[in-house]
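Everything on this sheet refers to the single structure shown next.
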Amino acid sequence: MNIGILASHNGSNLQAIIDATVANDLSSKVVVVISNNSNSGAISKAKNANIPFKHLSGVTHGNPDQLDDAILYELKTNNCDIIFLAGYMKKLGPKTLTYYQGKIYNTHPALLPKFGGKGMYGKNVHNAVILANEKITGITIHLVDKNYDTGKIVAQTSVTVLPNDTPNSLCNRVMDKERKLVVETIKKLETLINE
Ligand code: GRF
C-alpha cells in the first residue's frame, strides 16, 4: 500500500512506520508526508528518509476549501491508497474525507470512546486519565470521519496506569506501545487488502 501521512508534531509514529518499511517488516511505503507545521519533526523525518513532504496549512492556504483541495491533490498525485493521521491536529476537509472514506486512520492515545473529542490531545489526555483515577488507559486506532475521535475502532491496546504516574511518564509508556500498535495495524491492513 502507498501510505500518505499527515502529522503536526514530532513524528515518532511516522518514524516507526518508516523504520518498519525500511526493515521490510511492512511491505507498504510512505509516499508523502503532509504537515500543517513547517517546523515539525515529522517534516525533518520525511526529509531524512527522502520521502516527499509538503507543508499545507492555514498559512499556505487561507481558504479552508482550497486547503482541502491542496491536501487531496497531494494525496492523489502521490497515489496514496490509505492515509494515516500520526498526530495530526487539524480536521480534514470534506473533499478529502469523501474521496478517501474508509481509508483514513487515526491513532489516539487513550481507549476511545473515553478521553476523546475536542481538546483531548497530547498531555491533556494523560492528565485527564490520571485525574479520573483510571487504572487502565491505552491506544485506539480508528477510521476518521468528520468529527473528532468518533470513527469505527479498528484496533486497541491497553496500558496500565501506575499509582505514581505523571502525564509525562504515562505519555512515554503509551507512546512506546502506540508505535508498535500503529505498525501492527498497518500490517493487518496489508493482509486484508491482499486477500
Ligand atoms: C500520538 O500520541 C498520537 O496518538 C497523538 O499525537 C501523538 C503524536 O506523536 N494524536 P508523534 O508526533 O507521532 O511523536
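Going through the C-alpha cells in order, the chains are called A, B, and so on, while each chain numbers its residues from 1 and the ligands are numbered from 1 in the order shown.
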Protein and nucleic residues near ligand 1, 8 Å, only C-alpha atoms and all ligand atoms, as a VMD selection string: chain A and resid 7 to 15 41 to 42 85 to 89 106 to 110 121 to 122 139 171 174 to 175 178 to 179
DSSP-assigned helix (DSSP H, G or I) members of segment 129-193 of chain A, reported as an MDAnalysis selection string: chainID A and resid 129:131 167:193
Residue among A:Val182, A:Leu192, A:Val33, A:Leu111 lying closest to Asp149 of chain A, counting only C-alpha atoms: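 Using only C-alpha atoms, the shortest distance to Asp149 of chain A belongs to A:Leu111.
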Near Val32 of chain A, within 12 Å and counting only C-alpha atoms, which residues show up once chain neighbours fewer than 5 positions away are dropped, as an mmCIF file with all heavy atoms, in the first residue's frame?
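Below is the file that was written, result-v2.cif:
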```
data_model
loop_
_atom_site.group_PDB
_atom_site.id
_atom_site.type_symbol
_atom_site.label_atom_id
_atom_site.label_comp_id
_atom_site.auth_asym_id
_atom_site.auth_seq_id
_atom_site.Cartn_x
_atom_site.Cartn_y
_atom_site.Cartn_z
ATOM 1 N N ASN A 2 0.429 2.247 -0.686
ATOM 2 C CA ASN A 2 1.075 3.554 -0.605
ATOM 3 C C ASN A 2 0.397 4.335 0.516
ATOM 4 O O ASN A 2 -0.818 4.554 0.468
ATOM 5 C CB ASN A 2 0.895 4.318 -1.918
ATOM 6 C CG ASN A 2 1.803 3.773 -3.004
ATOM 7 O OD1 ASN A 2 2.795 3.112 -2.716
ATOM 8 N ND2 ASN A 2 1.460 4.059 -4.238
ATOM 9 N N ILE A 3 1.194 4.730 1.497
ATOM 10 C CA ILE A 3 0.617 5.418 2.654
ATOM 11 C C ILE A 3 0.939 6.908 2.596
ATOM 12 O O ILE A 3 2.096 7.297 2.402
ATOM 13 C CB ILE A 3 1.186 4.853 3.980
ATOM 14 C CG1 ILE A 3 1.060 3.326 4.019
ATOM 15 C CG2 ILE A 3 0.474 5.464 5.181
ATOM 16 C CD1 ILE A 3 1.715 2.703 5.242
ATOM 17 N N GLY A 4 -0.082 7.718 2.788
ATOM 18 C CA GLY A 4 0.114 9.160 2.957
ATOM 19 C C GLY A 4 -0.032 9.469 4.433
ATOM 20 O O GLY A 4 -0.953 8.979 5.083
ATOM 21 N N ILE A 5 0.917 10.233 4.964
ATOM 22 C CA ILE A 5 0.874 10.548 6.407
ATOM 23 C C ILE A 5 0.599 12.030 6.583
ATOM 24 O O ILE A 5 1.204 12.870 5.900
ATOM 25 C CB ILE A 5 2.237 10.232 7.080
ATOM 26 C CG1 ILE A 5 2.669 8.792 6.830
ATOM 27 C CG2 ILE A 5 2.213 10.589 8.560
ATOM 28 C CD1 ILE A 5 2.205 7.763 7.808
ATOM 29 N N LEU A 6 -0.287 12.331 7.528
ATOM 30 C CA LEU A 6 -0.447 13.723 7.953
ATOM 31 C C LEU A 6 -0.028 13.800 9.412
ATOM 32 O O LEU A 6 -0.454 12.954 10.233
ATOM 33 C CB LEU A 6 -1.893 14.199 7.785
ATOM 34 C CG LEU A 6 -2.263 14.472 6.323
ATOM 35 C CD1 LEU A 6 -3.053 13.334 5.735
ATOM 36 C CD2 LEU A 6 -3.044 15.772 6.191
ATOM 37 N N ALA A 7 0.831 14.751 9.728
ATOM 38 C CA ALA A 7 1.358 14.829 11.091
ATOM 39 C C ALA A 7 1.661 16.285 11.435
ATOM 40 O O ALA A 7 2.056 17.064 10.556
ATOM 41 C CB ALA A 7 2.635 13.996 11.194
ATOM 42 N N LEU A 14 5.359 8.349 12.764
ATOM 43 C CA LEU A 14 5.815 8.347 11.369
ATOM 44 C C LEU A 14 7.141 7.594 11.272
ATOM 45 O O LEU A 14 7.328 6.736 10.407
ATOM 46 C CB LEU A 14 5.994 9.791 10.871
ATOM 47 C CG LEU A 14 6.817 9.960 9.598
ATOM 48 C CD1 LEU A 14 6.121 9.321 8.403
ATOM 49 C CD2 LEU A 14 7.098 11.441 9.328
ATOM 50 N N ILE A 18 8.186 4.396 9.032
ATOM 51 C CA ILE A 18 9.315 4.421 8.082
ATOM 52 C C ILE A 18 10.279 3.270 8.409
ATOM 53 O O ILE A 18 10.687 2.514 7.525
ATOM 54 C CB ILE A 18 10.069 5.767 8.132
ATOM 55 C CG1 ILE A 18 9.167 6.917 7.678
ATOM 56 C CG2 ILE A 18 11.339 5.720 7.279
ATOM 57 C CD1 ILE A 18 9.759 8.314 7.873
ATOM 58 N N ALA A 42 8.071 15.832 12.088
ATOM 59 C CA ALA A 42 7.580 14.941 11.025
ATOM 60 C C ALA A 42 8.204 15.327 9.682
ATOM 61 O O ALA A 42 8.636 14.453 8.915
ATOM 62 C CB ALA A 42 6.054 15.004 10.954
ATOM 63 N N ILE A 43 8.291 16.639 9.414
ATOM 64 C CA ILE A 43 8.899 17.072 8.146
ATOM 65 C C ILE A 43 10.394 16.726 8.138
ATOM 66 O O ILE A 43 10.905 16.226 7.136
ATOM 67 C CB ILE A 43 8.637 18.580 7.892
ATOM 68 C CG1 ILE A 43 7.169 18.738 7.474
ATOM 69 C CG2 ILE A 43 9.593 19.149 6.829
ATOM 70 C CD1 ILE A 43 6.791 20.008 6.758
ATOM 71 N N LYS A 45 11.807 14.297 9.626
ATOM 72 C CA LYS A 45 11.946 12.836 9.485
ATOM 73 C C LYS A 45 11.674 12.422 8.042
ATOM 74 O O LYS A 45 12.332 11.513 7.520
ATOM 75 C CB LYS A 45 11.029 12.129 10.478
ATOM 76 C CG LYS A 45 11.550 12.297 11.916
ATOM 77 C CD LYS A 45 10.637 11.702 12.952
ATOM 78 C CE LYS A 45 11.298 11.629 14.329
ATOM 79 N NZ LYS A 45 11.244 12.877 15.102
ATOM 80 N N ALA A 46 10.729 13.086 7.402
ATOM 81 C CA ALA A 46 10.461 12.785 5.988
ATOM 82 C C ALA A 46 11.692 13.151 5.150
ATOM 83 O O ALA A 46 12.135 12.374 4.304
ATOM 84 C CB ALA A 46 9.234 13.558 5.519
ATOM 85 N N LYS A 47 12.250 14.335 5.429
ATOM 86 C CA LYS A 47 13.452 14.789 4.697
ATOM 87 C C LYS A 47 14.574 13.768 4.842
ATOM 88 O O LYS A 47 15.184 13.364 3.862
ATOM 89 C CB LYS A 47 13.952 16.104 5.321
ATOM 90 C CG LYS A 47 13.567 17.336 4.562
ATOM 91 C CD LYS A 47 14.286 18.538 5.186
ATOM 92 C CE LYS A 47 13.428 19.772 5.042
ATOM 93 N NZ LYS A 47 13.820 20.881 5.889
ATOM 94 N N ALA A 49 14.463 10.725 5.437
ATOM 95 C CA ALA A 49 14.176 9.438 4.796
ATOM 96 C C ALA A 49 13.936 9.591 3.293
ATOM 97 O O ALA A 49 13.533 8.630 2.632
ATOM 98 C CB ALA A 49 12.961 8.803 5.472
ATOM 99 N N ASN A 50 14.166 10.796 2.776
ATOM 100 C CA ASN A 50 13.948 11.064 1.341
ATOM 101 C C ASN A 50 12.518 10.801 0.896
ATOM 102 O O ASN A 50 12.288 10.271 -0.193
ATOM 103 C CB ASN A 50 14.886 10.208 0.483
ATOM 104 C CG ASN A 50 16.245 10.839 0.429
ATOM 105 O OD1 ASN A 50 16.346 12.075 0.355
ATOM 106 N ND2 ASN A 50 17.275 10.014 0.521
ATOM 107 N N ILE A 51 11.593 11.137 1.754
ATOM 108 C CA ILE A 51 10.173 10.974 1.415
ATOM 109 C C ILE A 51 9.635 12.357 1.040
ATOM 110 O O ILE A 51 9.905 13.341 1.744
ATOM 111 C CB ILE A 51 9.404 10.396 2.634
ATOM 112 C CG1 ILE A 51 9.886 8.970 2.919
ATOM 113 C CG2 ILE A 51 7.897 10.417 2.384
ATOM 114 C CD1 ILE A 51 9.413 8.425 4.248
ATOM 115 N N PRO A 52 8.894 12.453 -0.069
ATOM 116 C CA PRO A 52 8.323 13.750 -0.430
ATOM 117 C C PRO A 52 7.473 14.306 0.717
ATOM 118 O O PRO A 52 6.757 13.540 1.374
ATOM 119 C CB PRO A 52 7.428 13.420 -1.637
ATOM 120 C CG PRO A 52 7.951 12.137 -2.178
ATOM 121 C CD PRO A 52 8.541 11.396 -1.021
ATOM 122 N N PHE A 53 7.596 15.594 0.954
ATOM 123 C CA PHE A 53 6.818 16.195 2.042
ATOM 124 C C PHE A 53 6.253 17.522 1.583
ATOM 125 O O PHE A 53 6.742 18.128 0.609
ATOM 126 C CB PHE A 53 7.679 16.388 3.294
ATOM 127 C CG PHE A 53 8.844 17.294 3.060
ATOM 128 C CD1 PHE A 53 8.731 18.671 3.247
ATOM 129 C CD2 PHE A 53 10.056 16.782 2.635
ATOM 130 C CE1 PHE A 53 9.807 19.508 3.012
ATOM 131 C CE2 PHE A 53 11.132 17.613 2.385
ATOM 132 C CZ PHE A 53 11.005 18.984 2.577
ATOM 133 N N LYS A 54 5.251 17.972 2.275
ATOM 134 C CA LYS A 54 4.600 19.222 1.904
ATOM 135 C C LYS A 54 4.078 19.900 3.163
ATOM 136 O O LYS A 54 3.501 19.245 4.033
ATOM 137 C CB LYS A 54 3.423 18.868 0.987
ATOM 138 C CG LYS A 54 2.950 19.983 0.153
ATOM 139 C CD LYS A 54 3.612 19.966 -1.216
ATOM 140 C CE LYS A 54 3.307 21.248 -1.935
ATOM 141 N NZ LYS A 54 3.975 21.371 -3.201
ATOM 142 N N HIS A 55 4.318 21.215 3.258
ATOM 143 C CA HIS A 55 3.701 22.000 4.338
ATOM 144 C C HIS A 55 2.414 22.588 3.790
ATOM 145 O O HIS A 55 2.456 23.429 2.880
ATOM 146 C CB HIS A 55 4.675 23.095 4.789
ATOM 147 C CG HIS A 55 4.032 24.136 5.644
ATOM 148 N ND1 HIS A 55 4.237 25.489 5.481
ATOM 149 C CD2 HIS A 55 3.149 24.016 6.671
ATOM 150 C CE1 HIS A 55 3.524 26.148 6.372
ATOM 151 N NE2 HIS A 55 2.856 25.296 7.099
ATOM 152 N N ILE A 71 -4.610 19.434 -0.134
ATOM 153 C CA ILE A 71 -4.280 18.180 0.570
ATOM 154 C C ILE A 71 -4.697 16.988 -0.292
ATOM 155 O O ILE A 71 -3.910 16.054 -0.518
ATOM 156 C CB ILE A 71 -4.947 18.142 1.971
ATOM 157 C CG1 ILE A 71 -4.270 19.169 2.887
ATOM 158 C CG2 ILE A 71 -4.875 16.731 2.574
ATOM 159 C CD1 ILE A 71 -4.893 19.328 4.264
ATOM 160 N N LEU A 72 -5.906 17.043 -0.819
ATOM 161 C CA LEU A 72 -6.391 15.934 -1.648
ATOM 162 C C LEU A 72 -5.514 15.771 -2.894
ATOM 163 O O LEU A 72 -5.180 14.646 -3.284
ATOM 164 C CB LEU A 72 -7.861 16.169 -2.028
ATOM 165 C CG LEU A 72 -8.514 15.056 -2.848
ATOM 166 C CD1 LEU A 72 -8.421 13.702 -2.149
ATOM 167 C CD2 LEU A 72 -9.991 15.389 -3.121
ATOM 168 N N TYR A 73 -5.124 16.884 -3.477
ATOM 169 C CA TYR A 73 -4.269 16.840 -4.671
ATOM 170 C C TYR A 73 -2.961 16.095 -4.367
ATOM 171 O O TYR A 73 -2.534 15.219 -5.116
ATOM 172 C CB TYR A 73 -3.979 18.267 -5.156
ATOM 173 C CG TYR A 73 -3.016 18.321 -6.302
ATOM 174 C CD1 TYR A 73 -3.464 18.122 -7.610
ATOM 175 C CD2 TYR A 73 -1.655 18.538 -6.097
ATOM 176 C CE1 TYR A 73 -2.570 18.141 -8.677
ATOM 177 C CE2 TYR A 73 -0.759 18.557 -7.149
ATOM 178 C CZ TYR A 73 -1.218 18.358 -8.432
ATOM 179 O OH TYR A 73 -0.326 18.358 -9.483
ATOM 180 N N GLU A 74 -2.326 16.452 -3.243
ATOM 181 C CA GLU A 74 -1.048 15.801 -2.885
ATOM 182 C C GLU A 74 -1.241 14.301 -2.669
ATOM 183 O O GLU A 74 -0.423 13.493 -3.093
ATOM 184 C CB GLU A 74 -0.478 16.400 -1.587
ATOM 185 C CG GLU A 74 0.252 17.688 -1.754
ATOM 186 C CD GLU A 74 1.332 17.664 -2.833
ATOM 187 O OE1 GLU A 74 2.113 16.693 -2.901
ATOM 188 O OE2 GLU A 74 1.382 18.629 -3.605
ATOM 189 N N LEU A 75 -2.323 13.947 -1.985
ATOM 190 C CA LEU A 75 -2.559 12.527 -1.685
ATOM 191 C C LEU A 75 -2.819 11.750 -2.973
ATOM 192 O O LEU A 75 -2.280 10.658 -3.172
ATOM 193 C CB LEU A 75 -3.739 12.382 -0.709
ATOM 194 C CG LEU A 75 -3.527 13.036 0.672
ATOM 195 C CD1 LEU A 75 -4.808 12.977 1.497
ATOM 196 C CD2 LEU A 75 -2.380 12.365 1.432
ATOM 197 N N LYS A 76 -3.613 12.342 -3.856
ATOM 198 C CA LYS A 76 -3.938 11.663 -5.114
ATOM 199 C C LYS A 76 -2.715 11.596 -6.032
ATOM 200 O O LYS A 76 -2.423 10.563 -6.633
ATOM 201 C CB LYS A 76 -5.085 12.387 -5.825
ATOM 202 C CG LYS A 76 -6.445 12.060 -5.218
ATOM 203 C CD LYS A 76 -7.536 13.004 -5.674
ATOM 204 C CE LYS A 76 -8.047 12.702 -7.054
ATOM 205 N NZ LYS A 76 -9.231 13.548 -7.387
ATOM 206 N N THR A 77 -1.988 12.716 -6.118
ATOM 207 C CA THR A 77 -0.819 12.764 -7.003
ATOM 208 C C THR A 77 0.229 11.734 -6.591
ATOM 209 O O THR A 77 0.958 11.201 -7.420
ATOM 210 C CB THR A 77 -0.186 14.174 -6.961
ATOM 211 O OG1 THR A 77 -1.211 15.114 -7.180
ATOM 212 C CG2 THR A 77 0.885 14.360 -8.012
ATOM 213 N N ASN A 78 0.299 11.479 -5.297
ATOM 214 C CA ASN A 78 1.284 10.502 -4.814
ATOM 215 C C ASN A 78 0.691 9.085 -4.739
ATOM 216 O O ASN A 78 1.290 8.195 -4.145
ATOM 217 C CB ASN A 78 1.848 10.934 -3.463
ATOM 218 C CG ASN A 78 2.829 12.089 -3.612
ATOM 219 O OD1 ASN A 78 3.939 11.898 -4.090
ATOM 220 N ND2 ASN A 78 2.393 13.289 -3.257
ATOM 221 N N ASN A 79 -0.477 8.921 -5.344
ATOM 222 C CA ASN A 79 -1.128 7.595 -5.425
ATOM 223 C C ASN A 79 -1.334 6.918 -4.071
ATOM 224 O O ASN A 79 -1.077 5.714 -3.925
ATOM 225 C CB ASN A 79 -0.320 6.644 -6.325
ATOM 226 C CG ASN A 79 -0.269 7.146 -7.733
ATOM 227 O OD1 ASN A 79 -1.303 7.564 -8.270
ATOM 228 N ND2 ASN A 79 0.912 7.161 -8.333
ATOM 229 N N CYS A 80 -1.760 7.680 -3.085
ATOM 230 C CA CYS A 80 -1.976 7.095 -1.760
ATOM 231 C C CYS A 80 -3.160 6.123 -1.788
ATOM 232 O O CYS A 80 -4.203 6.426 -2.357
ATOM 233 C CB CYS A 80 -2.278 8.196 -0.737
ATOM 234 S SG CYS A 80 -0.877 9.260 -0.448
ATOM 235 N N ASP A 81 -2.953 4.974 -1.179
ATOM 236 C CA ASP A 81 -4.057 4.010 -1.018
ATOM 237 C C ASP A 81 -4.743 4.236 0.319
ATOM 238 O O ASP A 81 -5.952 4.106 0.424
ATOM 239 C CB ASP A 81 -3.521 2.571 -1.046
ATOM 240 C CG ASP A 81 -2.827 2.263 -2.349
ATOM 241 O OD1 ASP A 81 -3.452 2.482 -3.395
ATOM 242 O OD2 ASP A 81 -1.661 1.809 -2.306
ATOM 243 N N ILE A 82 -3.939 4.470 1.346
ATOM 244 C CA ILE A 82 -4.516 4.782 2.657
ATOM 245 C C ILE A 82 -3.819 6.024 3.231
ATOM 246 O O ILE A 82 -2.698 6.368 2.832
ATOM 247 C CB ILE A 82 -4.435 3.614 3.682
ATOM 248 C CG1 ILE A 82 -2.991 3.369 4.140
ATOM 249 C CG2 ILE A 82 -5.076 2.346 3.164
ATOM 250 C CD1 ILE A 82 -2.928 2.588 5.450
ATOM 251 N N ILE A 83 -4.527 6.644 4.169
ATOM 252 C CA ILE A 83 -4.000 7.845 4.821
ATOM 253 C C ILE A 83 -3.913 7.547 6.309
ATOM 254 O O ILE A 83 -4.857 6.999 6.888
ATOM 255 C CB ILE A 83 -4.966 9.059 4.633
ATOM 256 C CG1 ILE A 83 -5.495 9.141 3.185
ATOM 257 C CG2 ILE A 83 -4.329 10.352 5.099
ATOM 258 C CD1 ILE A 83 -4.452 9.270 2.135
ATOM 259 N N PHE A 84 -2.793 7.903 6.899
ATOM 260 C CA PHE A 84 -2.650 7.694 8.335
ATOM 261 C C PHE A 84 -2.381 9.037 9.011
ATOM 262 O O PHE A 84 -1.449 9.753 8.637
ATOM 263 C CB PHE A 84 -1.500 6.707 8.610
ATOM 264 C CG PHE A 84 -1.686 6.005 9.917
ATOM 265 C CD1 PHE A 84 -2.320 4.772 9.974
ATOM 266 C CD2 PHE A 84 -1.275 6.603 11.102
ATOM 267 C CE1 PHE A 84 -2.538 4.138 11.196
ATOM 268 C CE2 PHE A 84 -1.491 5.981 12.313
ATOM 269 C CZ PHE A 84 -2.114 4.742 12.363
#
```
d(atom CA of Glu195 of chain A, atom CA of Val154 of chain A) in Å: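 Distance between the two atoms: 17.5 Å.
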Selected residue, from A:Thr166, A:Lys91, A:Val183, A:Met1, that lies nearest to Ser27 of chain A when counting only C-alpha atoms: A:Met1
DSSP strand (DSSP E) selection over segment 10-194 of chain A, as a PyMOL selection string: chain A and resi 29-35+53-55+82-85+104-108+136-143+153-160
Store the residues picked out above in a file with N, CA and C atoms, as a compact mmCIF listing (two decimals), in the first residue's frame.
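Saved result, out-v7.txt, follows:
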```txt
# COMPACT_ATOMS: atom_id res chain seq x y z
N LYS A 29 4.69 1.49 1.66
CA LYS A 29 5.68 2.55 1.51
C LYS A 29 5.03 3.87 1.91
N VAL A 30 5.77 4.71 2.63
CA VAL A 30 5.25 6.06 2.90
C VAL A 30 5.59 6.90 1.67
N VAL A 31 4.56 7.38 0.97
CA VAL A 31 4.82 8.08 -0.30
C VAL A 31 4.78 9.60 -0.16
N VAL A 32 4.14 10.09 0.88
CA VAL A 32 4.14 11.54 1.09
C VAL A 32 3.82 11.84 2.57
N VAL A 33 4.46 12.90 3.07
CA VAL A 33 4.17 13.38 4.43
C VAL A 33 3.67 14.81 4.30
N ILE A 34 2.50 15.06 4.86
CA ILE A 34 1.94 16.42 4.84
C ILE A 34 1.87 16.91 6.27
N SER A 35 2.35 18.12 6.49
CA SER A 35 2.28 18.68 7.84
C SER A 35 1.73 20.10 7.78
N PHE A 53 7.60 15.59 0.95
CA PHE A 53 6.82 16.19 2.04
C PHE A 53 6.25 17.52 1.58
N LYS A 54 5.25 17.97 2.27
CA LYS A 54 4.60 19.22 1.90
C LYS A 54 4.08 19.90 3.16
N HIS A 55 4.32 21.22 3.26
CA HIS A 55 3.70 22.00 4.34
C HIS A 55 2.41 22.59 3.79
N ILE A 82 -3.94 4.47 1.35
CA ILE A 82 -4.52 4.78 2.66
C ILE A 82 -3.82 6.02 3.23
N ILE A 83 -4.53 6.64 4.17
CA ILE A 83 -4.00 7.85 4.82
C ILE A 83 -3.91 7.55 6.31
N PHE A 84 -2.79 7.90 6.90
CA PHE A 84 -2.65 7.69 8.33
C PHE A 84 -2.38 9.04 9.01
N LEU A 85 -3.23 9.37 9.97
CA LEU A 85 -3.03 10.60 10.73
C LEU A 85 -2.18 10.24 11.96
N ILE A 104 -9.00 6.29 5.82
CA ILE A 104 -8.22 7.25 6.63
C ILE A 104 -8.24 6.77 8.08
N TYR A 105 -7.07 6.60 8.65
CA TYR A 105 -6.94 6.08 10.02
C TYR A 105 -6.26 7.11 10.90
N ASN A 106 -6.66 7.09 12.18
CA ASN A 106 -6.03 7.99 13.15
C ASN A 106 -5.61 7.17 14.36
N THR A 107 -4.54 7.60 15.00
CA THR A 107 -4.16 6.97 16.27
C THR A 107 -4.42 7.96 17.39
N HIS A 108 -5.04 7.46 18.46
CA HIS A 108 -5.40 8.31 19.60
C HIS A 108 -4.85 7.68 20.88
N ILE A 136 -6.56 1.77 33.88
CA ILE A 136 -6.12 1.30 32.56
C ILE A 136 -6.38 2.39 31.53
N THR A 137 -5.39 2.65 30.70
CA THR A 137 -5.62 3.51 29.54
C THR A 137 -5.10 2.75 28.33
N GLY A 138 -4.76 3.43 27.26
CA GLY A 138 -4.26 2.67 26.12
C GLY A 138 -4.21 3.49 24.85
N ILE A 139 -4.38 2.80 23.75
CA ILE A 139 -4.29 3.44 22.43
C ILE A 139 -5.44 2.91 21.58
N THR A 140 -5.98 3.78 20.76
CA THR A 140 -7.04 3.37 19.82
C THR A 140 -6.66 3.81 18.42
N ILE A 141 -6.80 2.90 17.48
CA ILE A 141 -6.68 3.28 16.07
C ILE A 141 -8.07 3.15 15.46
N HIS A 142 -8.49 4.21 14.82
CA HIS A 142 -9.88 4.23 14.32
C HIS A 142 -9.94 4.90 12.96
N LEU A 143 -11.03 4.59 12.25
CA LEU A 143 -11.29 5.27 10.99
C LEU A 143 -11.67 6.71 11.29
N ILE A 153 -13.73 1.90 15.43
CA ILE A 153 -12.46 1.48 16.04
C ILE A 153 -11.94 0.23 15.33
N VAL A 154 -10.66 0.26 14.94
CA VAL A 154 -10.10 -0.91 14.27
C VAL A 154 -9.06 -1.65 15.12
N ALA A 155 -8.48 -0.98 16.11
CA ALA A 155 -7.52 -1.66 16.98
C ALA A 155 -7.38 -0.89 18.29
N GLN A 156 -7.21 -1.66 19.37
CA GLN A 156 -6.96 -1.03 20.67
C GLN A 156 -5.98 -1.89 21.46
N THR A 157 -5.20 -1.24 22.29
CA THR A 157 -4.37 -2.00 23.22
C THR A 157 -4.31 -1.21 24.52
N SER A 158 -4.13 -1.93 25.62
CA SER A 158 -4.21 -1.22 26.90
C SER A 158 -2.83 -1.01 27.53
N VAL A 159 -2.79 -0.03 28.41
CA VAL A 159 -1.58 0.32 29.16
C VAL A 159 -2.03 0.55 30.61
N THR A 160 -1.32 -0.05 31.56
CA THR A 160 -1.68 0.13 32.97
C THR A 160 -1.26 1.52 33.44
```
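Closest approach to Asp25 of chain A among A:Lys188, A:Ile193, A:Pro113, A:His61 is made by A:Lys188 (distances from only C-alpha atoms).
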One-decimal distance in Å that lies between atom CA of Ile17 of chain A and atom CA of Lys180 of chain A: 9.1 Å
Minimum-distance residue to Asp68 of chain A, chosen among A:Asn39, A:Ser28, A:Thr98, A:Ser44 (using only C-alpha atoms):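 Checking each of A:Asn39, A:Ser28, A:Thr98, A:Ser44 against Asp68 of chain A, counting only C-alpha atoms, the winner is A:Thr98.
Nearest to Pro163 of chain A of all the residues A:Gly58, A:Thr185, A:Glu134, A:Asn48 is A:Glu134, counting only C-alpha atoms.
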Coordinates-based distance that separates atom CA of Asn147 of chain A from atom CA of Gly119 of chain A (Å, one decimal):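 Straight-line distance from atom CA of Gly119 of chain A to atom CA of Asn147 of chain A works out to 12.4 Å.
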